[in-house]
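See below for entry-v7.txt, which holds compact mmCIF, C-alpha atoms.
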```
# COMPACT_ATOMS: atom_id res chain seq x y z
CA MET A 728 28.67 251.40 212.21
CA PRO A 729 24.93 250.78 212.25
CA GLU A 730 24.29 252.47 208.91
CA MET A 731 26.32 249.70 207.31
CA LYS A 732 23.84 246.99 208.26
CA LEU A 733 22.42 245.18 205.29
CA SER A 734 18.89 243.96 205.47
CA SER A 735 18.24 242.93 201.91
CA LEU A 736 20.13 242.07 198.77
CA ASP A 737 18.09 244.77 197.07
CA LEU A 738 20.37 247.27 198.71
CA LEU A 739 23.34 246.01 196.82
CA PHE A 740 24.56 247.65 193.69
CA LEU A 741 27.80 247.51 191.84
CA PRO A 742 30.24 250.27 192.74
CA LEU A 743 32.85 249.37 190.15
CA ALA A 744 31.50 251.95 187.79
CA LEU A 745 33.08 254.56 190.08
CA PRO A 746 35.97 256.41 188.44
CA ALA A 747 39.29 255.42 190.07
CA LYS A 748 40.04 258.99 191.01
CA GLY A 749 36.69 260.71 190.89
CA LEU A 750 35.66 263.57 193.11
CA TRP A 751 34.52 260.97 195.67
CA PHE A 752 38.12 259.87 195.98
CA ILE A 753 39.58 263.38 196.25
CA LEU A 754 36.90 264.46 198.74
CA GLU A 755 37.83 261.64 201.05
CA GLN A 756 41.49 262.42 200.58
CA ILE A 757 41.57 266.14 201.24
CA THR A 758 38.76 266.79 203.68
CA ASP A 759 38.55 265.71 207.30
CA LEU A 760 35.85 263.12 207.67
CA VAL A 761 36.32 262.60 211.36
CA ASP A 762 37.00 265.83 213.09
CA LYS A 763 36.65 265.14 216.78
CA GLU A 764 36.14 268.74 217.73
CA LEU A 765 33.56 269.31 215.05
CA TYR A 766 31.66 266.10 215.11
CA ASP A 767 28.66 267.46 213.25
CA GLU A 768 30.87 268.89 210.57
CA GLY A 769 32.43 265.44 210.15
CA THR A 770 28.95 263.95 209.72
CA LEU A 771 28.06 266.49 207.06
CA ARG A 772 31.31 265.85 205.20
CA ARG A 773 30.55 262.14 205.28
CA LYS A 774 27.10 262.87 203.83
CA LEU A 775 28.76 264.85 201.04
CA LEU A 776 31.02 261.93 200.30
CA ASP A 777 28.08 259.48 200.26
CA LEU A 778 26.29 261.81 197.90
CA GLN A 779 29.30 261.99 195.62
CA VAL A 780 29.66 258.21 195.51
CA LEU A 781 25.98 257.78 194.62
CA TYR A 782 26.23 260.44 191.92
CA GLU A 783 29.36 259.04 190.34
CA LEU A 784 27.70 255.62 190.33
CA GLY A 785 24.74 257.02 188.47
CA GLU A 786 22.42 256.07 191.35
CA ILE A 787 21.09 259.61 191.57
CA GLN A 788 20.55 262.14 188.81
CA ASP A 789 21.92 265.65 188.27
CA GLU A 790 19.01 267.48 189.82
CA GLU A 791 18.86 265.48 193.03
CA TYR A 792 22.66 265.67 193.29
CA ARG A 793 22.76 269.45 192.93
CA GLN A 794 19.89 269.93 195.36
CA SER A 795 21.40 267.64 197.98
CA TRP A 796 24.79 269.25 197.57
CA LYS A 797 23.22 272.65 198.20
CA ASP A 798 21.33 271.36 201.24
CA ILE A 799 24.37 269.81 202.84
CA THR A 800 26.71 272.73 202.17
CA ALA A 801 24.05 275.13 203.46
CA ARG A 802 23.98 273.12 206.70
CA LEU A 803 27.77 273.26 206.87
CA GLN A 804 27.59 277.03 206.40
CA PHE A 805 24.97 277.33 209.13
CA LEU A 806 27.07 275.24 211.49
CA ARG A 807 30.12 277.43 210.92
CA GLN A 808 28.21 280.67 211.43
CA GLN A 809 26.85 279.27 214.66
CA GLN A 810 30.35 278.37 215.83
CA LEU A 811 31.59 281.85 214.94
CA SER A 812 28.80 283.53 216.87
CA ASP A 813 29.35 281.18 219.82
CA GLU A 814 33.01 282.18 219.84
CA ASN A 815 32.16 285.86 219.70
CA GLU A 816 29.74 285.56 222.59
CA GLY A 817 32.40 283.70 224.51
CA ARG A 818 34.82 286.58 223.95
CA GLN A 819 32.37 289.17 225.15
CA GLY A 820 31.81 287.20 228.30
CA VAL A 821 35.50 287.23 229.21
CA MET B 497 36.89 293.79 201.89
CA SER B 498 39.62 292.03 203.83
CA THR B 499 42.00 289.64 202.18
CA PHE B 500 42.74 286.21 203.60
CA ILE B 501 45.38 283.66 202.70
CA TYR B 502 44.39 280.20 201.51
CA LEU B 503 46.92 277.47 202.36
CA TYR B 504 47.42 274.42 200.15
CA GLY B 505 50.56 272.90 201.61
CA VAL B 506 54.24 273.25 202.41
CA ILE B 507 57.07 272.42 199.96
CA ASP B 508 60.81 271.86 200.17
CA SER B 509 61.96 274.91 198.27
CA GLY B 510 62.99 278.29 199.60
CA LEU B 511 62.55 280.13 196.30
CA PRO B 512 59.86 282.73 195.79
CA GLN B 513 57.93 281.58 192.74
CA SER B 514 54.53 281.48 191.08
CA LEU B 515 52.76 278.21 190.24
CA GLY B 516 50.33 279.91 187.90
CA SER B 517 46.70 280.86 188.21
CA VAL B 518 43.79 278.73 189.46
CA LYS B 519 40.08 279.25 190.09
CA LEU B 520 39.45 279.47 193.83
CA GLY B 521 36.08 280.55 195.23
CA SER B 522 34.94 281.36 191.65
CA LEU B 523 37.76 283.88 191.03
CA PRO B 524 41.11 283.39 189.32
CA ARG B 525 43.88 283.47 191.90
CA GLU B 526 47.62 283.22 191.65
CA VAL B 527 49.27 280.37 193.53
CA ARG B 528 52.66 281.33 194.88
CA THR B 529 55.21 280.31 197.44
CA LEU B 530 55.82 282.09 200.71
CA PRO B 531 59.38 281.00 201.54
CA LEU B 532 61.17 280.76 204.85
CA GLU B 533 64.76 279.54 204.61
CA GLU B 534 64.63 276.12 202.89
CA ILE B 535 60.85 275.61 202.87
CA ALA B 536 57.79 277.50 201.61
CA ALA B 537 54.03 277.59 202.07
CA LEU B 538 51.87 277.34 198.94
CA VAL B 539 49.29 280.11 199.15
CA SER B 540 46.67 282.14 197.28
CA GLU B 541 44.94 285.34 198.29
CA THR B 542 41.18 285.08 198.83
CA ASP B 543 38.26 287.21 200.05
CA GLU B 544 36.67 284.26 201.79
CA GLN B 545 37.39 282.99 205.24
CA ASN B 546 35.12 279.94 205.16
CA PHE B 547 35.49 277.47 202.33
CA LEU B 548 32.78 274.91 201.74
CA PRO B 549 33.89 271.80 199.90
CA THR B 550 32.38 272.67 196.50
CA PRO B 551 33.47 270.39 193.65
CA ASP B 552 35.36 273.23 191.90
CA ASP B 553 37.34 274.31 194.93
CA VAL B 554 38.11 270.76 196.00
CA LEU B 555 39.50 270.02 192.54
CA THR B 556 41.51 273.25 192.55
CA HIS B 557 43.10 272.33 195.88
CA GLU B 558 44.04 268.90 194.55
CA LYS B 559 45.34 270.30 191.26
CA VAL B 560 47.64 272.78 193.02
CA LEU B 561 49.16 270.01 195.16
CA GLU B 562 49.68 267.74 192.16
CA THR B 563 51.31 270.53 190.16
CA ALA B 564 53.66 271.23 193.05
CA MET B 565 54.39 267.49 193.43
CA ALA B 566 55.84 267.36 189.94
CA GLU B 567 58.90 269.27 191.15
CA HIS B 568 58.84 269.29 194.94
CA THR B 569 58.13 267.24 198.02
CA VAL B 570 54.76 268.40 199.33
CA LEU B 571 53.21 268.34 202.80
CA PRO B 572 49.50 268.66 202.01
CA ILE B 573 47.21 270.73 204.22
CA ARG B 574 43.50 269.92 204.59
CA PHE B 575 41.01 271.61 202.31
CA GLY B 576 39.65 274.95 203.55
CA THR B 577 42.57 276.11 205.72
CA VAL B 578 42.63 279.92 205.70
CA ALA B 579 45.01 282.33 207.47
CA GLY B 580 44.22 285.92 208.38
CA SER B 581 47.40 287.32 206.82
CA LEU B 582 50.74 286.44 205.25
CA GLU B 583 52.34 287.26 208.60
CA ASP B 584 50.26 284.53 210.26
CA VAL B 585 51.55 282.04 207.70
CA GLN B 586 55.12 283.22 208.32
CA VAL B 587 54.63 282.68 212.05
CA PHE B 588 53.26 279.19 211.40
CA LEU B 589 56.30 278.33 209.24
CA LYS B 590 58.71 279.78 211.76
CA GLU B 591 57.24 278.13 214.85
CA ASN B 592 56.99 274.73 213.17
CA TYR B 593 60.09 274.96 211.01
CA ARG B 594 61.99 271.99 212.42
CA GLU B 595 59.03 269.64 212.31
CA LEU B 596 58.01 270.71 208.79
CA ALA B 597 61.57 270.39 207.49
CA ALA B 598 61.91 266.97 209.13
CA ASN B 599 58.64 265.76 207.57
CA LEU B 600 59.73 267.06 204.18
CA SER B 601 63.03 265.25 204.34
CA GLN B 602 61.34 262.01 205.45
CA LEU B 603 58.91 262.17 202.55
CA ARG B 604 61.44 263.25 199.93
CA GLY B 605 61.19 261.11 196.81
CA LYS B 606 58.11 259.31 198.12
CA VAL B 607 54.49 259.39 196.97
CA GLU B 608 51.18 258.09 198.24
CA VAL B 609 48.90 255.76 196.31
CA GLY B 610 45.33 254.77 197.16
CA VAL B 611 43.99 251.24 196.74
CA LYS B 612 40.33 250.52 197.36
CA ALA B 613 38.59 247.17 196.89
CA PHE B 614 34.86 246.73 196.30
CA TRP B 615 33.11 243.39 196.41
CA HIS B 616 31.17 242.14 193.40
CA LYS B 617 27.49 241.86 194.04
CA GLU B 618 27.08 238.70 192.00
CA ALA B 619 29.99 236.88 193.67
CA VAL B 620 28.66 237.72 197.13
CA ARG B 621 25.17 236.67 196.11
CA GLN B 622 26.42 233.26 194.95
CA GLU B 623 28.26 232.66 198.19
CA VAL B 624 25.26 233.78 200.24
CA GLU B 625 23.11 231.36 198.26
CA ARG B 626 25.37 228.51 199.23
CA GLU B 627 25.12 229.53 202.89
CA VAL B 628 21.47 230.41 203.34
CA GLY B 629 20.21 227.86 200.87
CA GLN B 630 18.60 228.73 197.64
CA LEU B 631 17.41 232.30 197.48
CA ALA B 632 14.71 231.02 195.17
CA ARG B 633 13.48 228.78 197.96
CA LEU B 634 13.46 231.73 200.35
CA LYS B 635 11.43 233.74 197.88
CA GLN B 636 9.01 230.85 197.61
CA GLU B 637 8.65 230.76 201.38
CA LEU B 638 8.15 234.48 201.39
CA ARG B 639 5.23 234.22 199.00
CA GLN B 640 3.63 231.61 201.22
CA ALA B 641 4.24 233.54 204.43
CA PRO B 642 4.47 237.26 203.73
CA GLY B 643 4.69 237.93 207.47
CA ARG B 644 8.19 236.45 207.53
CA GLN B 645 9.60 239.07 205.18
CA GLN B 646 11.56 240.85 207.86
CA GLU B 647 12.91 237.63 209.31
CA ILE B 648 14.09 236.34 205.94
CA GLY B 649 15.50 239.71 204.93
CA LEU B 650 17.50 239.77 208.15
CA ALA B 651 18.82 236.24 207.59
CA VAL B 652 20.02 237.19 204.10
CA GLY B 653 21.53 240.41 205.42
CA GLN B 654 23.41 238.60 208.18
CA ALA B 655 24.69 235.97 205.76
CA THR B 656 25.87 238.72 203.41
CA GLU B 657 27.74 240.46 206.18
CA ALA B 658 29.29 237.15 207.24
CA VAL B 659 30.55 236.49 203.71
CA ILE B 660 32.04 239.97 203.47
CA GLU B 661 33.69 239.64 206.88
CA ARG B 662 35.23 236.32 205.88
CA TRP B 663 36.55 237.76 202.63
CA LYS B 664 38.10 240.61 204.57
CA GLU B 665 39.87 238.15 206.86
CA THR B 666 41.15 235.92 204.06
CA HIS B 667 41.41 237.28 200.51
CA VAL B 668 41.75 240.92 201.46
CA GLN B 669 44.35 240.14 204.11
CA SER B 670 46.56 238.22 201.69
CA PHE B 671 46.13 240.91 199.01
CA LEU B 672 47.14 243.50 201.58
CA ALA B 673 50.09 241.50 202.89
CA THR B 674 51.60 241.27 199.40
CA LEU B 675 51.24 245.00 198.81
CA GLN B 676 52.76 245.79 202.19
CA GLU B 677 55.92 243.98 201.11
CA TYR B 678 56.30 246.34 198.19
CA SER B 679 55.59 249.57 200.07
CA LEU B 680 57.35 251.61 202.75
CA LYS B 681 54.27 252.28 204.87
CA THR B 682 50.61 251.34 204.92
CA LYS B 683 47.61 253.13 206.33
CA ILE B 684 44.22 251.42 206.55
CA ASN B 685 41.19 253.71 206.71
CA PRO B 686 37.59 252.79 207.54
CA PRO B 687 35.50 251.86 204.49
CA ILE B 688 33.50 254.73 203.04
CA SER B 689 30.68 252.60 201.66
CA ILE B 690 29.12 249.25 202.48
CA HIS B 691 30.60 247.87 199.28
CA MET B 692 34.14 248.64 200.25
CA LEU B 693 36.26 245.72 201.41
CA LEU B 694 39.50 247.64 201.72
CA ASN B 695 40.39 251.32 201.96
CA ALA B 696 44.17 251.49 202.04
CA SER B 697 46.93 253.99 201.33
CA PHE B 698 50.54 253.12 200.67
CA LEU B 699 53.71 255.16 200.73
CA VAL B 700 56.09 254.16 197.93
CA GLU B 701 59.26 255.52 196.35
CA ARG B 702 58.22 257.73 193.47
CA ASP B 703 60.34 255.81 190.95
CA GLN B 704 58.82 252.53 192.13
CA GLU B 705 55.23 253.69 191.79
CA PRO B 706 54.77 252.30 188.25
CA GLY B 707 56.02 248.92 189.46
CA PHE B 708 53.69 249.03 192.46
CA ARG B 709 50.82 249.87 190.14
CA CYS B 710 51.64 246.81 187.98
CA ARG B 711 51.74 244.63 191.09
CA VAL B 712 48.25 245.85 192.09
CA LEU B 713 46.95 245.16 188.58
CA GLU B 714 48.41 241.63 188.59
CA LEU B 715 46.90 240.88 191.99
CA SER B 716 43.56 242.30 191.00
CA GLN B 717 43.47 239.69 188.20
CA VAL B 718 43.75 236.98 190.84
CA TYR B 719 40.74 238.26 192.76
CA THR B 720 38.79 239.61 189.83
CA LYS B 721 35.84 237.27 190.39
CA LYS B 722 35.39 238.33 193.99
CA PHE B 723 36.26 242.00 194.09
CA GLY B 724 37.29 244.94 191.95
CA ILE B 725 40.16 247.30 192.65
CA LYS B 726 40.42 251.06 192.25
CA TYR B 727 43.93 252.45 192.09
CA ALA B 728 44.90 256.13 192.23
CA GLY B 729 48.32 257.71 192.38
CA PRO B 730 50.75 259.31 192.73
CA LEU B 731 48.94 261.42 195.33
CA PRO B 732 50.00 263.99 197.92
CA PRO B 733 50.85 262.03 201.10
CA TYR B 734 47.78 262.99 203.16
CA ASN B 735 47.78 259.68 204.95
CA PHE B 736 51.41 259.85 206.05
CA VAL B 737 51.70 263.35 207.44
CA ASP B 738 49.19 265.48 209.31
CA VAL B 739 49.89 269.19 209.05
CA ARG B 740 47.29 271.24 210.92
CA PRO B 741 48.32 274.85 211.19
CA VAL B 742 46.98 276.53 214.31
CA LEU B 743 46.22 280.02 213.04
CA PRO B 744 44.92 283.03 214.96
CA GLN B 745 41.28 283.81 214.12
CA ARG B 746 40.69 287.24 212.61
```

Show me, as structure tokens, the structure contained in the file I just sent.
Amino acid sequence: MPEMKLSSLDLLFLPLALPAKGLWFILEQITDLVDKELYDEGTLRRKLLDLQVLYELGEIQDEEYRQSWKDITARLQFLRQQQLSDENEGRQGV
Amino acid sequence: MSTFIYLYGVIDSGLPQSLGSVKLGSLPREVRTLPLEEIAALVSETDEQNFLPTPDDVLTHEKVLETAMAEHTVLPIRFGTVAGSLEDVQVFLKENYRELAANLSQLRGKVEVGVKAFWHKEAVRQEVEREVGQLARLKQELRQAPGRQQEIGLAVGQATEAVIERWKETHVQSFLATLQEYSLKTKINPPISIHMLLNASFLVERDQEPGFRCRVLELSQVYTKKFGIKYAGPLPPYNFVDVRPVLPQR
């Protein structure tokens, strides 16, 4: 996982402030992070989880959190609409 | 507007019943069972076909499963699973009845717990210092030769990764081995952040969960200088059953 490379100790912060069963925990639990058929959707879900971890750690503030959440879910929405329209086109072709 | 059926999970009860009202997709919705013989799907009506993982809906999904867990064995279904109609859910239950019933009986009386370990920044830093030499000395060198910033940063980064890898192979392994003895099954997932040393789920007997929790707390005292532990449970057994209804698209 290349995004896990550390290049500087400045990157390190203490994650123990995370609540034991915060939304970060539940998100990981109940959503599919690696969906092979929907790879991009998996990536977006992972981004949501990263965002949640950062927010619950206090690394980002309310406004940035809300904005990023909107951005990522909007991309998820877009992706799903695209898949739906792809499927519909496929049906017409048959 | 058409009505869809949101699926939370499958339980080991054939009784038609209501589990009360929850907020799903910003509206209050009743959660009820859709029984077939000895099992039932947990469902709510909804106007939406596509659920995005908003904090409210994610928490609702979790809350419904935990409420059901208080009295039943639950096979959790992933967030955002929506059927076109109650008939589609009936068909899903019917076609997969034997497998669902078998999973329910295997998981009866058992719960999942999550254990995640995060390394302490300061403890890693101290060990890196011992390996790479004094960080202070590195900083000194950096001031004298600013061009070497990348090179030194990389050396520190590699040393940090090496320390974390070694901890995973030693301390984390022995921590894990002890917990495996006290659990029925273990599932190791990939870490979700660079700070995570261990991302594990355990299946335990429900009545032994408090004891398991104590064991984790005791062990975490042993490693407290190196890493911190997050414990959550009892949880629906997502990591020990994978129910993915194949539903017709409407």

Subject >> Residue list for chain B near chain A as an MDAnalysis selection string, 6 Å, all atoms listed in the file >> reply: chainID B and resid 574:575 649:650 653 690 726:728

**OP:** Rounded to one decimal place, report the CA of Phe736 (chain B)-CA of Asn592 (chain B) distance in Å.
**Re:** 17.4 Å

Original post:
Contacts of region 741-745 of chain B at 10 Å or less, counting all atoms listed in the file, minus same-chain residues fewer than 2 places along, as a ChimeraX atom specification?
Top reply: /A:811 /B:503,545,573-574,577-581,584-585,587-589,592,738-739

Original post:
Which residues, written as a count of residues only, have at least one atom at most 8 Å from region 553-568 of chain B, with all atoms listed in the file counted and residues fewer than 3 positions away on the same chain left out?
Top reply: 21

Original post:
Out of B:Glu623, B:Leu634, B:Leu530, B:Val611, which residue has the shortest atom-to-atom distance to Lys590 (chain B) when counting all atoms listed in the file?
Top reply: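 For Lys590 (chain B), the nearest of the candidates is B:Leu530.
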
Which residues come within 7 Å of region 656-661 of chain B, counting all atoms listed in the file, excluding same-chain residues fewer than 3 positions away, as a JSON list (two decimals) with C-alpha atoms, keeping the file's coordinate frame?
```
[["chain", "number", "residue", "atom", "x", "y", "z"],
["B", 620, "VAL", "CA", 28.66, 237.72, 197.13],
["B", 624, "VAL", "CA", 25.26, 233.78, 200.24],
["B", 652, "VAL", "CA", 20.02, 237.19, 204.10],
["B", 653, "GLY", "CA", 21.53, 240.41, 205.42],
["B", 664, "LYS", "CA", 38.10, 240.61, 204.57],
["B", 665, "GLU", "CA", 39.87, 238.15, 206.86]]
```

Original post:
Which distance in Å separates CA of Val668 (chain B) and CA of Leu693 (chain B), to one decimal?
Top reply: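 If I compute the distance from CA of Val668 (chain B) to CA of Leu693 (chain B), I get 7.3 Å.
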
**OP:** In Å, rounded to a single decimal, give me how far CA of Val609 (chain B) is from CA of Ala696 (chain B).
**Re:**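 Straight-line distance from CA of Ala696 (chain B) to CA of Val609 (chain B) works out to 8.6 Å.
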
Original post:
Nearest to Lys683 (chain B) among B:Leu538, B:Leu713, B:Val718, B:Val737, with distances taken over all atoms listed in the file: which residue is it?
Top reply: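 Going through B:Leu538, B:Leu713, B:Val718, B:Val737 one by one, the smallest distance to Lys683 (chain B) is for B:Val737.
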
Edge lengths and centre in Å, axis-aligned, region 811-815 of chain A plus 5 Å each side, as lines of an AutoDock Vina configuration file:
```
center_x = 30.9
center_y = 283.5
center_z = 217.4
size_x = 14.2
size_y = 14.7
size_z = 14.9
```

Original post:
Looking at B:Asp543, B:Phe723, B:Ala655, B:Ser689, which one is nearest to Val628 (chain B), with distances taken over only C-alpha atoms?
Top reply: B:Ala655
